[in-house]
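Visitor: protein-v3.txt is reproduced in full below (compact mmCIF, C-alpha atoms).
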# COMPACT_ATOMS: atom_id res chain seq x y z
CA MET A 25 -23.72 22.04 33.48
CA THR A 26 -21.64 21.70 30.32
CA ALA A 27 -23.12 22.16 26.88
CA ALA A 28 -24.08 18.97 25.12
CA GLU A 29 -21.68 17.89 22.35
CA PRO A 30 -23.19 18.69 18.93
CA ARG A 31 -24.38 15.68 16.92
CA PHE A 32 -22.51 16.84 13.81
CA THR A 33 -19.25 18.74 13.60
CA ARG A 34 -18.33 21.74 11.45
CA ASP A 35 -14.89 21.56 9.80
CA LEU A 36 -13.10 23.15 6.89
CA PRO A 37 -13.83 21.45 3.53
CA ASP A 38 -10.41 19.74 3.26
CA VAL A 39 -10.69 18.52 6.84
CA ARG A 40 -14.18 17.17 6.14
CA ARG A 41 -13.00 15.32 3.04
CA ARG A 42 -10.11 13.76 4.92
CA LYS A 43 -12.39 12.78 7.79
CA LEU A 44 -14.77 11.09 5.37
CA ILE A 45 -11.93 9.26 3.64
CA GLU A 46 -10.55 8.04 6.97
CA ALA A 47 -14.04 6.95 8.03
CA THR A 48 -14.39 5.02 4.77
CA ALA A 49 -11.12 3.22 5.44
CA GLN A 50 -12.39 2.31 8.92
CA CYS A 51 -15.65 1.00 7.47
CA LEU A 52 -13.82 -1.08 4.86
CA ALA A 53 -11.64 -2.58 7.59
CA GLU A 54 -14.62 -3.32 9.82
CA PHE A 55 -17.45 -4.14 7.42
CA GLY A 56 -15.79 -4.85 4.07
CA HIS A 57 -16.97 -3.35 0.79
CA ALA A 58 -20.46 -4.86 1.09
CA GLY A 59 -21.07 -3.12 4.41
CA THR A 60 -19.57 0.23 3.47
CA SER A 61 -22.30 2.70 2.53
CA VAL A 62 -22.80 6.45 2.64
CA ARG A 63 -24.79 6.08 5.85
CA ALA A 64 -22.14 3.87 7.46
CA VAL A 65 -19.39 6.33 6.55
CA ALA A 66 -21.44 9.30 7.77
CA ALA A 67 -22.10 7.58 11.08
CA LYS A 68 -18.43 6.70 11.50
CA ALA A 69 -17.39 10.29 10.72
CA ASN A 70 -20.17 11.74 12.91
CA VAL A 71 -21.61 13.81 10.06
CA SER A 72 -24.87 13.84 8.14
CA PRO A 73 -25.24 11.66 5.00
CA GLY A 74 -25.96 14.86 3.09
CA LEU A 75 -22.47 16.10 3.86
CA VAL A 76 -21.00 13.02 2.20
CA ALA A 77 -23.03 13.78 -0.93
CA HIS A 78 -21.78 17.36 -0.82
CA HIS A 79 -18.13 16.28 -1.10
CA PHE A 80 -18.38 13.06 -3.13
CA LYS A 81 -20.56 11.80 -5.97
CA GLY A 82 -21.36 8.62 -4.06
CA ILE A 83 -19.80 5.70 -2.23
CA ASP A 84 -17.86 4.56 -5.32
CA ASP A 85 -16.25 7.98 -5.66
CA LEU A 86 -15.44 7.96 -1.96
CA ILE A 87 -13.81 4.52 -2.17
CA VAL A 88 -11.65 5.66 -5.10
CA ALA A 89 -10.48 8.66 -3.05
CA THR A 90 -9.81 6.35 -0.11
CA TYR A 91 -7.66 4.01 -2.21
CA ASP A 92 -5.66 7.00 -3.44
CA HIS A 93 -5.25 8.23 0.16
CA VAL A 94 -4.32 4.87 1.68
CA GLY A 95 -1.97 4.09 -1.21
CA ALA A 96 -0.22 7.42 -0.69
CA GLN A 97 0.13 6.75 3.04
CA VAL A 98 1.74 3.35 2.47
CA ALA A 99 4.02 4.80 -0.21
CA GLU A 100 5.09 7.56 2.16
CA ILE A 101 6.08 5.03 4.82
CA LEU A 102 8.02 2.82 2.41
CA ASN A 103 9.70 5.75 0.66
CA ALA A 104 10.71 7.19 4.02
CA ALA A 105 12.41 3.88 4.84
CA ILE A 106 14.34 4.08 1.57
CA ASP A 107 15.22 7.76 1.95
CA THR A 108 16.50 7.43 5.52
CA ALA A 109 18.64 4.35 4.78
CA PRO A 110 22.36 4.82 4.02
CA ASP A 111 23.24 5.93 0.50
CA ASP A 112 23.59 2.43 -0.89
CA ALA A 113 21.02 0.77 -3.17
CA GLU A 114 21.32 -2.63 -1.50
CA LEU A 115 20.82 -1.19 1.98
CA LYS A 116 17.89 0.88 0.75
CA LEU A 117 16.26 -2.21 -0.74
CA ARG A 118 16.72 -4.05 2.54
CA ALA A 119 15.26 -1.10 4.45
CA PHE A 120 12.23 -1.31 2.17
CA ILE A 121 11.84 -4.97 3.13
CA GLU A 122 12.05 -4.22 6.85
CA ALA A 123 9.40 -1.50 6.59
CA SER A 124 7.11 -3.83 4.62
CA PHE A 125 6.95 -6.33 7.46
CA LYS A 126 6.31 -4.18 10.51
CA PRO A 127 3.45 -1.92 11.60
CA PRO A 128 1.83 0.19 10.31
CA VAL A 129 2.26 -1.64 6.97
CA LEU A 130 2.01 -5.09 8.52
CA ASP A 131 -1.54 -4.66 9.81
CA ARG A 132 -4.61 -6.86 9.49
CA ASP A 133 -6.94 -3.87 9.17
CA LEU A 134 -4.83 -2.59 6.29
CA LEU A 135 -5.15 -6.02 4.67
CA ALA A 136 -8.95 -5.87 4.97
CA ILE A 137 -8.96 -2.43 3.37
CA TRP A 138 -6.60 -3.54 0.61
CA LEU A 139 -8.68 -6.64 -0.16
CA SER A 140 -11.73 -4.41 -0.62
CA PHE A 141 -9.81 -2.33 -3.14
CA TRP A 142 -8.53 -5.39 -4.99
CA SER A 143 -12.05 -6.80 -5.25
CA LEU A 144 -13.15 -3.66 -7.13
CA VAL A 145 -10.27 -3.37 -9.60
CA ARG A 146 -11.99 -5.38 -12.35
CA ARG A 147 -15.38 -3.67 -12.24
CA ASP A 148 -14.63 -0.07 -11.20
CA PRO A 149 -12.63 2.06 -13.67
CA GLY A 150 -11.78 4.62 -11.00
CA VAL A 151 -10.37 2.01 -8.64
CA ARG A 152 -8.54 0.38 -11.54
CA LYS A 153 -6.90 3.70 -12.46
CA VAL A 154 -5.72 4.32 -8.90
CA HIS A 155 -4.54 0.72 -8.56
CA LYS A 156 -2.42 1.04 -11.69
CA LYS A 157 -0.87 4.27 -10.45
CA VAL A 158 -0.20 2.98 -6.93
CA TYR A 159 1.60 -0.14 -8.14
CA ALA A 160 3.45 1.62 -10.96
CA ASP A 161 4.90 4.12 -8.49
CA TYR A 162 5.63 1.29 -6.04
CA ARG A 163 7.60 -0.71 -8.62
CA ARG A 164 9.34 2.25 -10.23
CA ARG A 165 11.33 3.05 -7.10
CA LEU A 166 12.34 -0.60 -6.74
CA GLU A 167 13.36 -0.81 -10.40
CA GLU A 168 15.73 2.11 -9.83
CA LEU A 169 17.34 0.40 -6.83
CA ILE A 170 17.67 -2.94 -8.63
CA ALA A 171 19.19 -1.27 -11.68
CA GLU A 172 21.68 0.59 -9.48
CA ILE A 173 22.70 -2.64 -7.73
CA ALA A 174 23.24 -4.32 -11.11
CA GLN A 175 25.31 -1.39 -12.35
CA ARG A 176 27.55 -1.38 -9.29
CA ARG A 177 27.94 -5.16 -9.40
CA ARG A 178 28.72 -5.02 -13.12
CA PHE A 179 25.92 -7.19 -14.48
CA LYS A 180 22.91 -6.33 -16.61
CA ILE A 181 19.40 -7.28 -15.61
CA ASP A 182 15.84 -6.64 -16.69
CA ALA A 183 15.05 -4.38 -13.73
CA HIS A 184 11.37 -4.16 -14.66
CA LEU A 185 10.85 -7.93 -14.51
CA ALA A 186 13.01 -8.22 -11.41
CA ALA A 187 10.93 -5.58 -9.61
CA LEU A 188 7.74 -7.30 -10.75
CA GLY A 189 8.90 -10.61 -9.25
CA PHE A 190 10.15 -8.93 -6.09
CA THR A 191 6.86 -7.12 -5.43
CA ALA A 192 4.83 -10.26 -6.17
CA MET A 193 6.87 -12.15 -3.59
CA LEU A 194 6.54 -9.38 -1.00
CA ASP A 195 2.79 -9.04 -1.61
CA GLY A 196 2.33 -12.79 -1.21
CA LEU A 197 4.30 -12.95 2.02
CA TRP A 198 2.54 -9.85 3.38
CA LEU A 199 -0.87 -11.26 2.46
CA GLU A 200 -0.27 -14.64 4.09
CA LEU A 201 1.30 -13.12 7.21
CA CYS A 202 -1.62 -10.74 7.71
CA LEU A 203 -4.22 -13.42 7.01
CA ASP A 204 -2.79 -15.96 9.44
CA PRO A 205 0.29 -14.97 11.46
CA THR A 206 0.44 -18.50 12.92
CA THR A 207 1.52 -19.90 9.52
CA PHE A 208 4.97 -18.36 9.71
CA ALA A 209 6.69 -15.56 11.62
CA ARG A 210 7.66 -12.08 10.50
CA GLU A 211 11.28 -13.20 10.81
CA ASP A 212 10.62 -15.96 8.25
CA ALA A 213 9.22 -13.44 5.77
CA LEU A 214 12.28 -11.25 6.30
CA ARG A 215 14.62 -14.19 5.73
CA ILE A 216 12.93 -15.07 2.45
CA ALA A 217 12.92 -11.49 1.20
CA HIS A 218 16.52 -10.80 2.21
CA ALA A 219 17.59 -14.07 0.56
CA TRP A 220 16.09 -12.70 -2.65
CA VAL A 221 18.32 -9.65 -2.34
CA ASP A 222 21.32 -11.90 -1.57
CA ASP A 223 20.73 -13.73 -4.86
CA LEU A 224 20.28 -10.46 -6.71
CA VAL A 225 23.53 -9.02 -5.37
CA ALA A 226 25.37 -12.24 -6.26
CA GLY A 227 24.08 -12.01 -9.84
CA GLY A 228 22.07 -15.19 -9.40
CA PHE A 229 19.05 -14.27 -11.50
CA HIS A 230 20.33 -15.71 -14.76
CA ALA A 231 16.88 -15.87 -16.32
CA LEU A 232 16.59 -12.11 -15.96
CA MET A 233 20.10 -11.28 -17.12
CA LEU A 234 20.41 -9.17 -20.24
CA LYS A 235 22.75 -10.60 -22.82
CA PRO A 236 25.36 -8.14 -24.09
CA ARG A 237 24.69 -6.93 -27.64
Starting from the file, lay out its structure as structure tokens.
Guide:
Amino acid sequence: MTAAEPRFTRDLPDVRRRKLIEATAQCLAEFGHAGTSVRAVAAKANVSPGLVAHHFKGIDDLIVATYDHVGAQVAEILNAAIDTAPDDAELKLRAFIEASFKPPVLDRDLLAIWLSFWSLVRRDPGVRKVHKKVYADYRRRLEELIAEIAQRRRFKIDAHLAALGFTAMLDGLWLELCLDPTTFAREDALRIAHAWVDDLVAGGFHALMLKPR
């Protein structure tokens, strides 16, 4: 006979924290924020509820840590796409687009998790702080690429506003595609996003152009 598998596992503290964060993400994807509790997370992670309390102040603290973790994972994927693209700002921006519309970023479970985070931004200061950081880092890299494209193409542009519009468009396309993939295809989202870059490269964003002083 083999020994019965223990009900709860014993891991190093960092491993436990990560396991709880990953279990929280799974609960948010499956049950939404309303169904994500300390007990639900503990059950998903196969640990006791007391262990959750040992590592986190409560479910709100755990959700903040999960947003930070998931945001970092998505950023790592998108930054890797930029870093591995050829040394050309336009090609890097297009690589960012491609990575945004394929798994693991294009994922309905990730959408469910993200929607839970978004729903808490207004009322939870911790979530709001992480949200601000995640999107500031997200846009900063794109601002740099847009500014470099403008410099090489010899036009001036408000890179901050351009990046803001670009990310809003990508978020909208990503949201709609994850919500209902029958509305339009991934290829349609790519066409729209790449057309935006075509216009940028051609200097077509006159409303965002900076007038010479």
Visitor: Distance table requested - segment 87-181 of chain A against segment 50-72 of chain A, cut-off 6 Å, only C-alpha atoms: one row per qualifying residue with the closest atom pair and its distance in Å to one decimal, ordered by chain and rising residue number, as CSV.
Guide:
residue,atom,partner,partner_atom,distance
A:Asp133,CA,A:Ala53,CA,5.1
A:Ala136,CA,A:Ala53,CA,5.0
A:Ile137,CA,A:Ala53,CA,5.0
A:Ser140,CA,A:His57,CA,5.5
Visitor: Can you tell me which residues surround Ala89 of chain A at a distance of at most 10 Å, considering all atoms listed in the file, apart from same-chain residues fewer than 2 positions away, and format the answer as a list in words?
Guide: Arg41, Arg42, Leu44, Ile45, Thr48, Phe80, Ile83, Asp84, Asp85, Leu86, Ile87, Tyr91, Asp92, His93, Val94, Gly95, Gly150, Val151 and Val154 of chain A
Visitor: Neighbouring residues of Cys202 of chain A were defined as those with any atom within 7 Å, considering all atoms listed in the file; residues of the same chain fewer than 2 positions away were excluded. Please report them as an MDAnalysis selection string.
Guide: chainID A and resid 130:132 135 198:200 204:205
Visitor: Could you tell me how far atom CA of Trp138 of chain A lies from atom CA of Ala49 of chain A, in Å and to one decimal?
Guide: 9.5 Å
Visitor: One decimal, Å: what's the distance from atom CA of Ala119 of chain A over to atom CA of Ile106 of chain A, could you say?
Guide: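 Those two atoms sit 6.0 Å apart.
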Visitor: Mind giving me the axis-aligned box for segment 76-87 of chain A with 6 Å on every side, centre plus edges in Å to one decimal, as lines of an AutoDock Vina configuration file?
Guide:
center_x = -18.4
center_y = 10.9
center_z = -1.9
size_x = 21.2
size_y = 24.8
size_z = 20.2
Visitor: Give the answer as one residue: which of A:Ala186, A:Ile173, A:Ala160, A:Val76 has the shortest atom-to-atom distance to Ala226 of chain A, using only C-alpha atoms?
Guide: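 Closest candidate: A:Ile173.
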Visitor: Of the candidates A:Lys43, A:His78, A:Arg118, A:Arg164, which shows the shortest atom-to-atom distance to Leu185 of chain A, using only C-alpha atoms?
Guide: A:Arg164
Visitor: Report, in Å with one decimal, the straight-line distance from atom CA of Leu102 of chain A to atom CA of Ala123 of chain A.
Guide: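 Pair atom CA of Leu102 of chain A / atom CA of Ala123 of chain A returns 6.2 Å.
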